[in-house]
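Working notes, structure below.
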Amino acid sequence: MARAKRRFVVDDEGRKESVLLPVKEYEELLEDLQDLALMAERNEEPTESLEVVKRRLEKKWQSTGSR
């Protein structure tokens, strides 16, 4: 995705103090931060391999009579 050009607010010496970015890009950054926070919260939770999850879901799917 092409990002819109960011604009900066500078002080009297030309040093960047703030950044202006499109609302969509800002919202995407917030969403990424929320995802990272959730990952950090769940860091200590036990994990399962993809194969184990697939088998569990297949058994659940088969027990519902779907097919």
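Chain identifiers are assigned as A, B, and so on, following the order in which chains appear in the structure tokens; residues are numbered from 1 within each chain, and ligands are numbered from 1 in order of appearance.
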Q. What are the DSSP alpha helix (DSSP H) residues of chain A, as a ChimeraX atom specification?
A. /A:23-41,50-63
Would you save the residues of that selection, restricted to C-alpha atoms, as a compact mmCIF listing (two decimals), in the first residue's frame?
# COMPACT_ATOMS: atom_id res chain seq x y z
CA VAL A 23 -6.25 9.33 9.74
CA LYS A 24 -6.30 5.94 8.00
CA GLU A 25 -2.57 5.46 8.61
CA TYR A 26 -2.98 6.58 12.24
CA GLU A 27 -5.82 4.08 12.77
CA GLU A 28 -3.70 1.29 11.23
CA LEU A 29 -0.88 2.13 13.64
CA LEU A 30 -3.29 2.01 16.59
CA GLU A 31 -4.58 -1.36 15.43
CA ASP A 32 -1.01 -2.67 15.18
CA LEU A 33 -0.30 -1.44 18.71
CA GLN A 34 -3.40 -3.20 20.01
CA ASP A 35 -2.32 -6.42 18.29
CA LEU A 36 1.16 -6.16 19.81
CA ALA A 37 -0.30 -5.53 23.27
CA LEU A 38 -2.49 -8.62 22.94
CA MET A 39 0.48 -10.69 21.83
CA ALA A 40 2.47 -9.50 24.85
CA GLU A 41 -0.42 -10.39 27.19
CA LEU A 50 -0.73 -26.26 13.57
CA GLU A 51 -1.20 -30.00 13.05
CA VAL A 52 -2.75 -30.43 16.52
CA VAL A 53 -5.13 -27.54 15.93
CA LYS A 54 -6.10 -28.91 12.50
CA ARG A 55 -6.88 -32.36 13.96
CA ARG A 56 -8.94 -30.84 16.78
CA LEU A 57 -10.93 -28.68 14.36
CA GLU A 58 -11.47 -31.58 11.95
CA LYS A 59 -12.85 -33.74 14.78
CA LYS A 60 -15.12 -30.90 15.89
CA TRP A 61 -16.28 -30.33 12.31
CA GLN A 62 -16.97 -34.04 11.77
CA SER A 63 -18.93 -34.30 15.02
Would you please give, as an mmCIF file with N, CA and C atoms, in the first residue's frame, all residues of chain A that DSSP assigns to strand (DSSP E or B) based on the backbone?
data_model
loop_
_atom_site.group_PDB
_atom_site.id
_atom_site.type_symbol
_atom_site.label_atom_id
_atom_site.label_comp_id
_atom_site.auth_asym_id
_atom_site.auth_seq_id
_atom_site.Cartn_x
_atom_site.Cartn_y
_atom_site.Cartn_z
ATOM 1 N N ARG A 7 3.771 14.818 6.885
ATOM 2 C CA ARG A 7 4.223 16.203 7.058
ATOM 3 C C ARG A 7 4.661 16.376 8.502
ATOM 4 N N PHE A 8 5.632 17.232 8.697
ATOM 5 C CA PHE A 8 6.188 17.443 10.025
ATOM 6 C C PHE A 8 5.985 18.884 10.483
ATOM 7 N N VAL A 9 5.829 19.036 11.788
ATOM 8 C CA VAL A 9 5.813 20.348 12.423
ATOM 9 C C VAL A 9 7.217 20.531 12.982
ATOM 10 N N VAL A 10 7.832 21.654 12.663
ATOM 11 C CA VAL A 10 9.207 21.894 13.106
ATOM 12 C C VAL A 10 9.264 23.105 14.027
ATOM 13 N N LYS A 16 12.333 18.587 13.821
ATOM 14 C CA LYS A 16 11.001 17.988 13.803
ATOM 15 C C LYS A 16 10.501 17.825 15.235
ATOM 16 N N GLU A 17 9.273 18.277 15.462
ATOM 17 C CA GLU A 17 8.636 18.151 16.775
ATOM 18 C C GLU A 17 7.423 17.230 16.745
ATOM 19 N N SER A 18 6.702 17.237 15.643
ATOM 20 C CA SER A 18 5.480 16.445 15.516
ATOM 21 C C SER A 18 5.353 15.967 14.082
ATOM 22 N N VAL A 19 4.492 14.977 13.914
ATOM 23 C CA VAL A 19 4.240 14.472 12.566
ATOM 24 C C VAL A 19 2.737 14.477 12.311
ATOM 25 N N LEU A 20 2.361 14.823 11.108
ATOM 26 C CA LEU A 20 0.974 14.779 10.664
ATOM 27 C C LEU A 20 0.861 13.627 9.682
#
